[in-house]
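S.K.: File my_file30.cif below, mmCIF, C-alpha atoms and all ligand atoms; chains and numbers go by the auth columns:
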data_data
loop_
_atom_site.group_PDB
_atom_site.id
_atom_site.type_symbol
_atom_site.label_atom_id
_atom_site.label_comp_id
_atom_site.label_asym_id
_atom_site.label_seq_id
_atom_site.Cartn_x
_atom_site.Cartn_y
_atom_site.Cartn_z
_atom_site.B_iso_or_equiv
_atom_site.auth_seq_id
_atom_site.auth_asym_id
ATOM 1 C CA MET A 1 103.486 45.240 100.398 0.00 1 Q
ATOM 2 C CA LYS A 2 105.973 46.055 97.622 0.00 2 Q
ATOM 3 C CA SER A 3 104.756 45.504 94.054 0.00 3 Q
ATOM 4 C CA ILE A 4 107.493 44.005 91.931 0.00 4 Q
ATOM 5 C CA ALA A 5 108.078 42.718 88.410 0.00 5 Q
ATOM 6 C CA VAL A 6 110.527 39.898 87.689 0.00 6 Q
ATOM 7 C CA PHE A 7 112.459 40.007 84.400 0.00 7 Q
ATOM 8 C CA ALA A 8 113.768 36.698 83.029 0.00 8 Q
ATOM 9 C CA SER A 9 114.924 35.258 79.707 0.00 9 Q
ATOM 10 C CA GLY A 10 115.306 31.591 80.533 0.00 10 Q
ATOM 11 C CA SER A 11 114.282 28.860 82.927 0.00 11 Q
ATOM 12 C CA GLY A 12 113.037 31.160 85.700 0.00 12 Q
ATOM 13 C CA SER A 13 114.176 29.102 88.710 0.00 13 Q
ATOM 14 C CA ASN A 14 115.002 32.340 90.538 0.00 14 Q
ATOM 15 C CA PHE A 15 111.520 33.670 89.756 0.00 15 Q
ATOM 16 C CA GLN A 16 110.026 30.454 91.157 0.00 16 Q
ATOM 17 C CA ALA A 17 112.158 30.625 94.322 0.00 17 Q
ATOM 18 C CA ILE A 18 111.122 34.244 94.941 0.00 18 Q
ATOM 19 C CA GLN A 19 107.424 33.530 94.320 0.00 19 Q
ATOM 20 C CA GLU A 20 107.508 30.559 96.694 0.00 20 Q
ATOM 21 C CA ALA A 21 109.232 32.626 99.377 0.00 21 Q
ATOM 22 C CA ILE A 22 106.428 35.204 98.962 0.00 22 Q
ATOM 23 C CA GLU A 23 103.813 32.442 99.252 0.00 23 Q
ATOM 24 C CA ARG A 24 105.475 31.282 102.488 0.00 24 Q
ATOM 25 C CA GLY A 25 105.175 34.835 103.799 0.00 25 Q
ATOM 26 C CA ASP A 26 108.961 35.275 103.897 0.00 26 Q
ATOM 27 C CA ILE A 27 109.011 38.336 101.604 0.00 27 Q
ATOM 28 C CA ASN A 28 106.641 41.294 101.993 0.00 28 Q
ATOM 29 C CA ALA A 29 106.041 41.744 98.266 0.00 29 Q
ATOM 30 C CA THR A 30 103.823 40.650 95.423 0.00 30 Q
ATOM 31 C CA ILE A 31 104.915 39.800 91.884 0.00 31 Q
ATOM 32 C CA LYS A 32 102.540 41.744 89.619 0.00 32 Q
ATOM 33 C CA LEU A 33 104.169 40.737 86.331 0.00 33 Q
ATOM 34 C CA VAL A 34 106.828 38.547 84.775 0.00 34 Q
ATOM 35 C CA VAL A 35 108.562 40.294 81.867 0.00 35 Q
ATOM 36 C CA THR A 36 110.469 38.266 79.287 0.00 36 Q
ATOM 37 C CA ASP A 37 112.210 39.042 76.007 0.00 37 Q
ATOM 38 C CA LYS A 38 111.817 35.376 75.029 0.00 38 Q
ATOM 39 C CA PRO A 39 108.162 34.463 74.450 0.00 39 Q
ATOM 40 C CA GLY A 40 108.927 30.739 74.527 0.00 40 Q
ATOM 41 C CA ALA A 41 111.084 30.785 77.682 0.00 41 Q
ATOM 42 C CA TYR A 42 110.250 28.226 80.357 0.00 42 Q
ATOM 43 C CA VAL A 43 109.754 31.069 82.863 0.00 43 Q
ATOM 44 C CA THR A 44 106.421 31.759 81.101 0.00 44 Q
ATOM 45 C CA GLU A 45 105.221 28.281 82.107 0.00 45 Q
ATOM 46 C CA ARG A 46 106.385 28.764 85.698 0.00 46 Q
ATOM 47 C CA ALA A 47 104.509 32.091 85.822 0.00 47 Q
ATOM 48 C CA ALA A 48 101.345 30.568 84.368 0.00 48 Q
ATOM 49 C CA ALA A 49 101.470 27.804 86.991 0.00 49 Q
ATOM 50 C CA LYS A 50 101.555 30.539 89.656 0.00 50 Q
ATOM 51 C CA ASN A 51 98.780 32.585 87.952 0.00 51 Q
ATOM 52 C CA ILE A 52 101.106 35.530 87.443 0.00 52 Q
ATOM 53 C CA PRO A 53 100.636 37.586 84.243 0.00 53 Q
ATOM 54 C CA VAL A 54 103.439 37.474 81.688 0.00 54 Q
ATOM 55 C CA LEU A 55 104.522 40.269 79.358 0.00 55 Q
ATOM 56 C CA ALA A 56 106.443 38.543 76.569 0.00 56 Q
ATOM 57 C CA LEU A 57 107.834 41.013 74.034 0.00 57 Q
ATOM 58 C CA SER A 58 110.424 40.238 71.383 0.00 58 Q
ATOM 59 C CA PRO A 59 112.766 43.252 71.100 0.00 59 Q
ATOM 60 C CA LYS A 60 113.294 42.657 67.387 0.00 60 Q
ATOM 61 C CA THR A 61 109.635 43.502 66.744 0.00 61 Q
ATOM 62 C CA PHE A 62 110.370 47.084 67.900 0.00 62 Q
ATOM 63 C CA ASP A 63 112.144 49.867 65.999 0.00 63 Q
ATOM 64 C CA SER A 64 114.488 50.607 68.883 0.00 64 Q
ATOM 65 C CA LYS A 65 115.486 49.594 72.390 0.00 65 Q
ATOM 66 C CA ASP A 66 113.719 52.729 73.623 0.00 66 Q
ATOM 67 C CA ALA A 67 110.448 51.728 71.944 0.00 67 Q
ATOM 68 C CA TYR A 68 110.767 48.216 73.395 0.00 68 Q
ATOM 69 C CA GLU A 69 111.343 49.577 76.900 0.00 69 Q
ATOM 70 C CA GLN A 70 108.537 52.142 76.538 0.00 70 Q
ATOM 71 C CA ALA A 71 106.179 49.240 75.849 0.00 71 Q
ATOM 72 C CA ILE A 72 107.417 47.447 78.970 0.00 72 Q
ATOM 73 C CA LEU A 73 107.192 50.652 81.023 0.00 73 Q
ATOM 74 C CA ALA A 74 103.544 51.196 80.042 0.00 74 Q
ATOM 75 C CA GLU A 75 102.671 47.729 81.348 0.00 75 Q
ATOM 76 C CA LEU A 76 104.722 48.202 84.539 0.00 76 Q
ATOM 77 C CA ARG A 77 102.893 51.462 85.256 0.00 77 Q
ATOM 78 C CA LYS A 78 99.511 49.846 84.532 0.00 78 Q
ATOM 79 C CA ASN A 79 100.346 47.268 87.209 0.00 79 Q
ATOM 80 C CA ASP A 80 101.698 49.854 89.692 0.00 80 Q
ATOM 81 C CA VAL A 81 105.068 48.087 89.752 0.00 81 Q
ATOM 82 C CA GLU A 82 107.492 49.787 92.164 0.00 82 Q
ATOM 83 C CA PHE A 83 110.635 47.662 91.858 0.00 83 Q
ATOM 84 C CA LEU A 84 112.272 45.569 89.116 0.00 84 Q
ATOM 85 C CA VAL A 85 113.977 42.251 89.949 0.00 85 Q
ATOM 86 C CA LEU A 86 116.137 40.860 87.120 0.00 86 Q
ATOM 87 C CA ALA A 87 116.712 37.110 87.299 0.00 87 Q
ATOM 88 C CA GLY A 88 118.422 35.737 84.240 0.00 88 Q
ATOM 89 C CA TYR A 89 117.349 38.645 82.041 0.00 89 Q
ATOM 90 C CA MET A 90 119.911 38.527 79.275 0.00 90 Q
ATOM 91 C CA ARG A 91 119.689 42.143 78.127 0.00 91 Q
ATOM 92 C CA LEU A 92 121.257 45.380 79.258 0.00 92 Q
ATOM 93 C CA VAL A 93 118.643 47.662 80.812 0.00 93 Q
ATOM 94 C CA GLY A 94 118.433 50.930 78.878 0.00 94 Q
ATOM 95 C CA SER A 95 117.931 54.526 79.946 0.00 95 Q
ATOM 96 C CA THR A 96 114.130 54.349 79.596 0.00 96 Q
ATOM 97 C CA LEU A 97 113.791 51.835 82.429 0.00 97 Q
ATOM 98 C CA LEU A 98 116.810 53.105 84.406 0.00 98 Q
ATOM 99 C CA GLU A 99 115.337 56.633 84.507 0.00 99 Q
ATOM 100 C CA ALA A 100 111.871 55.364 85.409 0.00 100 Q
ATOM 101 C CA TYR A 101 113.210 53.180 88.248 0.00 101 Q
ATOM 102 C CA PRO A 102 116.290 54.941 89.661 0.00 102 Q
ATOM 103 C CA SER A 103 117.976 52.685 92.271 0.00 103 Q
ATOM 104 C CA HIS A 104 114.961 50.382 92.045 0.00 104 Q
ATOM 105 C CA ILE A 105 116.350 47.710 89.758 0.00 105 Q
ATOM 106 C CA ILE A 106 118.435 44.780 91.053 0.00 106 Q
ATOM 107 C CA ASN A 107 120.098 41.796 89.391 0.00 107 Q
ATOM 108 C CA ILE A 108 121.625 38.473 90.376 0.00 108 Q
ATOM 109 C CA HIS A 109 124.875 37.299 88.784 0.00 109 Q
ATOM 110 C CA PRO A 110 126.579 33.895 89.220 0.00 110 Q
ATOM 111 C CA SER A 111 130.033 35.111 90.253 0.00 111 Q
ATOM 112 C CA LEU A 112 131.699 37.227 92.958 0.00 112 Q
ATOM 113 C CA LEU A 113 131.692 40.526 91.040 0.00 113 Q
ATOM 114 C CA PRO A 114 133.753 42.295 89.914 0.00 114 Q
ATOM 115 C CA SER A 115 135.251 38.961 88.899 0.00 115 Q
ATOM 116 C CA PHE A 116 133.757 37.329 85.812 0.00 116 Q
ATOM 117 C CA PRO A 117 131.106 39.845 84.671 0.00 117 Q
ATOM 118 C CA GLY A 118 128.994 39.185 81.580 0.00 118 Q
ATOM 119 C CA LYS A 119 128.115 35.933 79.904 0.00 119 Q
ATOM 120 C CA ASP A 120 128.936 32.462 81.195 0.00 120 Q
ATOM 121 C CA ALA A 121 130.402 33.666 84.481 0.00 121 Q
ATOM 122 C CA ILE A 122 130.520 30.074 85.724 0.00 122 Q
ATOM 123 C CA GLY A 123 132.461 28.938 82.663 0.00 123 Q
ATOM 124 C CA GLN A 124 134.852 31.878 83.062 0.00 124 Q
ATOM 125 C CA ALA A 125 135.485 30.985 86.722 0.00 125 Q
ATOM 126 C CA MET A 126 136.110 27.319 85.981 0.00 126 Q
ATOM 127 C CA ALA A 127 138.380 28.155 83.055 0.00 127 Q
ATOM 128 C CA HIS A 128 140.430 30.332 85.419 0.00 128 Q
ATOM 129 C CA GLY A 129 140.719 27.447 87.858 0.00 129 Q
ATOM 130 C CA VAL A 130 139.419 29.433 90.847 0.00 130 Q
ATOM 131 C CA LYS A 131 138.670 27.284 93.908 0.00 131 Q
ATOM 132 C CA VAL A 132 135.909 29.554 95.205 0.00 132 Q
ATOM 133 C CA THR A 133 133.347 31.460 93.181 0.00 133 Q
ATOM 134 C CA GLY A 134 129.888 32.632 94.228 0.00 134 Q
ATOM 135 C CA VAL A 135 126.827 34.775 93.650 0.00 135 Q
ATOM 136 C CA THR A 136 126.267 38.536 93.706 0.00 136 Q
ATOM 137 C CA VAL A 137 123.097 40.614 93.984 0.00 137 Q
ATOM 138 C CA HIS A 138 123.653 44.209 92.900 0.00 138 Q
ATOM 139 C CA TYR A 139 121.825 47.361 91.851 0.00 139 Q
ATOM 140 C CA VAL A 140 121.573 47.765 88.085 0.00 140 Q
ATOM 141 C CA ASP A 141 123.159 50.774 86.436 0.00 141 Q
ATOM 142 C CA GLU A 142 123.944 51.489 82.789 0.00 142 Q
ATOM 143 C CA GLY A 143 126.879 49.080 82.772 0.00 143 Q
ATOM 144 C CA MET A 144 126.990 45.285 82.551 0.00 144 Q
ATOM 145 C CA ASP A 145 127.022 43.811 86.078 0.00 145 Q
ATOM 146 C CA THR A 146 128.619 47.040 87.397 0.00 146 Q
ATOM 147 C CA GLY A 147 126.072 48.508 89.851 0.00 147 Q
ATOM 148 C CA SER A 148 126.732 48.722 93.591 0.00 148 Q
ATOM 149 C CA ILE A 149 126.841 45.368 95.349 0.00 149 Q
ATOM 150 C CA ILE A 150 124.110 44.527 97.883 0.00 150 Q
ATOM 151 C CA MET A 151 124.995 40.995 99.032 0.00 151 Q
ATOM 152 C CA GLN A 152 127.343 38.154 98.042 0.00 152 Q
ATOM 153 C CA ARG A 153 127.733 34.475 98.975 0.00 153 Q
ATOM 154 C CA ALA A 154 130.657 32.149 98.208 0.00 154 Q
ATOM 155 C CA VAL A 155 130.322 28.782 96.492 0.00 155 Q
ATOM 156 C CA ASP A 156 133.144 26.197 96.317 0.00 156 Q
ATOM 157 C CA VAL A 157 134.011 25.068 92.795 0.00 157 Q
ATOM 158 C CA VAL A 158 133.684 21.296 92.360 0.00 158 Q
ATOM 159 C CA ASP A 159 136.922 20.650 90.476 0.00 159 Q
ATOM 160 C CA GLY A 160 136.284 19.653 86.879 0.00 160 Q
ATOM 161 C CA ASN A 161 132.543 19.309 87.444 0.00 161 Q
ATOM 162 C CA ARG A 162 130.684 22.238 85.945 0.00 162 Q
ATOM 163 C CA GLU A 163 127.278 20.614 86.324 0.00 163 Q
ATOM 164 C CA GLU A 164 127.634 20.129 90.078 0.00 164 Q
ATOM 165 C CA THR A 165 129.186 23.569 90.539 0.00 165 Q
ATOM 166 C CA GLU A 166 126.320 25.161 88.608 0.00 166 Q
ATOM 167 C CA ALA A 167 123.705 23.293 90.664 0.00 167 Q
ATOM 168 C CA ASN A 168 125.373 24.484 93.869 0.00 168 Q
ATOM 169 C CA ILE A 169 125.421 28.052 92.542 0.00 169 Q
ATOM 170 C CA HIS A 170 121.713 27.976 91.649 0.00 170 Q
ATOM 171 C CA ALA A 171 120.833 26.651 95.103 0.00 171 Q
ATOM 172 C CA VAL A 172 122.774 29.506 96.710 0.00 172 Q
ATOM 173 C CA GLU A 173 121.165 32.035 94.329 0.00 173 Q
ATOM 174 C CA HIS A 174 117.662 31.111 95.401 0.00 174 Q
ATOM 175 C CA GLY A 175 118.494 31.634 99.066 0.00 175 Q
ATOM 176 C CA LEU A 176 120.518 34.786 98.486 0.00 176 Q
ATOM 177 C CA TYR A 177 117.860 36.527 96.402 0.00 177 Q
ATOM 178 C CA THR A 178 115.243 35.725 99.025 0.00 178 Q
ATOM 179 C CA ASP A 179 117.505 37.133 101.764 0.00 179 Q
ATOM 180 C CA VAL A 180 118.121 40.345 99.776 0.00 180 Q
ATOM 181 C CA LEU A 181 114.418 40.888 99.070 0.00 181 Q
ATOM 182 C CA LYS A 182 113.597 40.269 102.737 0.00 182 Q
ATOM 183 C CA GLN A 183 116.192 42.875 103.708 0.00 183 Q
ATOM 184 C CA LEU A 184 114.903 45.384 101.137 0.00 184 Q
ATOM 185 C CA PHE A 185 111.147 44.945 101.647 0.00 185 Q
ATOM 186 C CA ASN A 186 110.449 43.577 105.119 0.00 186 Q
HETATM 187 C C1 LIG B . 121.139 32.637 86.984 0.00 201 Q
HETATM 188 O O1 LIG B . 122.338 31.896 87.153 0.00 201 Q
HETATM 189 C C2 LIG B . 121.432 34.093 87.160 0.00 201 Q
HETATM 190 O O2 LIG B . 122.435 34.360 88.117 0.00 201 Q
HETATM 191 C C3 LIG B . 121.921 34.472 85.785 0.00 201 Q
HETATM 192 O O3 LIG B . 121.097 33.739 84.889 0.00 201 Q
HETATM 193 C C4 LIG B . 120.650 32.562 85.557 0.00 201 Q
HETATM 194 C C5 LIG B . 119.134 32.557 85.507 0.00 201 Q
HETATM 195 O O4 LIG B . 118.663 31.341 85.959 0.00 201 Q
HETATM 196 N N1 LIG B . 121.806 35.881 85.564 0.00 201 Q
HETATM 197 P P1 LIG B . 117.057 31.151 86.089 0.00 201 Q
HETATM 198 O O5 LIG B . 116.461 31.531 84.740 0.00 201 Q
HETATM 199 O O6 LIG B . 116.585 32.056 87.182 0.00 201 Q
HETATM 200 O O7 LIG B . 116.885 29.692 86.420 0.00 201 Q
#
Write the structure described by the file as structure tokens, please.

M.R.:
Amino acid sequence: MKSIAVFASGSGSNFQAIQEAIERGDINATIKLVVTDKPGAYVTERAAAKNIPVLALSPKTFDSKDAYEQAILAELRKNDVEFLVLAGYMRLVGSTLLEAYPSHIINIHPSLLPSFPGKDAIGQAMAHGVKVTGVTVHYVDEGMDTGSIIMQRAVDVVDGNREETEANIHAVEHGLYTDVLKQLFN
């Protein structure tokens, strides 16, 4: 049974999808901790509803990124966390966590990388007028959305309708992340 931590900065729908897949017995893992850089993020409410502890730290209350990540690392170690799953975590992971979890950090990104890395990937894709976009799960390295790709899934763009396209992307994300974690841990 793999012990994981989920990192999120926002709504946490990917966290919820993963936790529910675990509850169904689909993924051989347990979420020991939800880590967020946004104490008020909705993901904290989703975690509370699932009785999963939350570590909410605001980076600006630390002297450096290293100090912030050392504080996270101490809590990860206390909970015997083996693997980090980023799901809407809007920060670059620094050397402290990368060195502590080599090849044990993954991320989900709402585009077919290497297209449209970084912020608002969906908006970038629609602005480019692509007909097909998608979702990527990749290992995290020191770059932004640059680590080796694990799995991808295509999503048709609904012309001129960002809301519908985004909803379709999120639905695909939830299934894709579950499939990746099954492949990695089962
Ligand atoms: C997802 O689209 C993910 O791909 C991106 O941020 C979003 C997080 O959504 N990195 P949620 O917080 O999991 O609902």

S.K.: Would you compute the box with edges along x, y and z of the file around ligand LIG 201 (chain Q), including every atom the file lists for it and 6 Å extra on each side, and give its centre and edge lengths in Å to one decimal, as JSON?

M.R.:
{"center_x": 119.4, "center_y": 32.8, "center_z": 86.4, "size_x": 18.0, "size_y": 18.2, "size_z": 15.4}

S.K.: What do you get as a ChimeraX atom specification if you pick all residues at most 10 Å from ligand LIG 201 (chain Q), counting only C-alpha atoms and all ligand atoms?

M.R.: /Q:6-18,41-43,86-91,107-111,118-122,134-137,145,166-167,169-174,177

S.K.: Residues at most 12 Å from Ala127 (chain Q), counting all atoms listed in the file, excluding those fewer than 3 positions away in the same chain, as a list in words?

M.R.: Phe116, Asp120, Ala121, Ile122, Gly123, Gln124, Val130, Lys131, Thr133, Val157, Asp159, Gly160, Asn161 and Arg162 of chain Q

S.K.: Given all atoms listed in the file as the basis, pick out the residue of Q:Asn28, Q:Ile105, Q:Glu20, Q:Val155 nearest to Ala49 (chain Q).

M.R.: Q:Glu20

S.K.: Convert the output of the PyMOL selection byres (((chain Q and resi 100) around 12) and not hetatm) on the shown file into explicit residues, formatted as a list of chain:residue names.

M.R.: Q:Glu69, Q:Gln70, Q:Ile72, Q:Leu73, Q:Ala74, Q:Leu76, Q:Arg77, Q:Val81, Q:Glu82, Q:Phe83, Q:Leu84, Q:Val93, Q:Gly94, Q:Ser95, Q:Thr96, Q:Leu97, Q:Leu98, Q:Glu99, Q:Tyr101, Q:Pro102, Q:Ser103, Q:His104, Q:Ile105

S.K.: Please compute the CA of Leu184 (chain Q)-CA of Lys38 (chain Q) distance, one decimal, in Å.

M.R.: 28.1 Å

S.K.: With a distance cut-off of 6 Å and all atoms listed in the file, select the neighbouring residues of region 52-59 of chain Q, excluding the residue or stretch itself and same-chain residues fewer than 2 positions from it, and output the selection as a list in words.

M.R.: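 Listed by chain and then number, they are Leu33, Val34, Val35, Thr36, Asp37, Pro39, Ala47, Ala48, Lys50, Thr61, Phe62 and Tyr68 of chain Q.
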
S.K.: State, in Å with one decimal place, the distance from CA of Val140 (chain Q) to CA of Thr178 (chain Q).

M.R.: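 Between CA of Val140 (chain Q) and CA of Thr178 (chain Q) the gap works out to 17.5 Å.
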
S.K.: So the first atom is CA of Glu164 (chain Q) and the second is CA of Ile27 (chain Q); what is the distance between them in Å, to one decimal place?

M.R.: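 Interatomic distance here is 28.5 Å.
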
S.K.: Evaluating the PyMOL selection byres (((chain Q and resi 138) around 6) and not hetatm) on the displayed file yields which residues, as a list of chain:residue names?

M.R.: Q:Ile106, Q:Asn107, Q:Val137, Q:Tyr139, Q:Gly147, Q:Ser148, Q:Ile149, Q:Ile150

S.K.: Please produce a file of the residues just selected, as a PDB file, in the coordinates of the input, where the atoms kept are C-alpha atoms.

M.R.:
ATOM      1  CA  ILE Q 106     118.435  44.780  91.053  1.00  0.00           C
ATOM      2  CA  ASN Q 107     120.098  41.796  89.391  1.00  0.00           C
ATOM      3  CA  VAL Q 137     123.097  40.614  93.984  1.00  0.00           C
ATOM      4  CA  TYR Q 139     121.825  47.361  91.851  1.00  0.00           C
ATOM      5  CA  GLY Q 147     126.072  48.508  89.851  1.00  0.00           C
ATOM      6  CA  SER Q 148     126.732  48.722  93.591  1.00  0.00           C
ATOM      7  CA  ILE Q 149     126.841  45.368  95.349  1.00  0.00           C
ATOM      8  CA  ILE Q 150     124.110  44.527  97.883  1.00  0.00           C
TER       9      ILE Q 150
END

S.K.: Choose the residue, out of Q:Thr44, Q:Thr165, Q:Ser3, Q:Ser64, that has the smallest atom-to-atom separation from Thr30 (chain Q); count only C-alpha atoms.

M.R.: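 Among Q:Thr44, Q:Thr165, Q:Ser3, Q:Ser64, it is Q:Ser3 that comes nearest to Thr30 (chain Q).
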
S.K.: Return the single residue from Q:Arg153, Q:Lys32, Q:Lys60, Q:Arg46 that is closest to Glu75 (chain Q), with distances computed using only C-alpha atoms.

M.R.: Q:Lys32
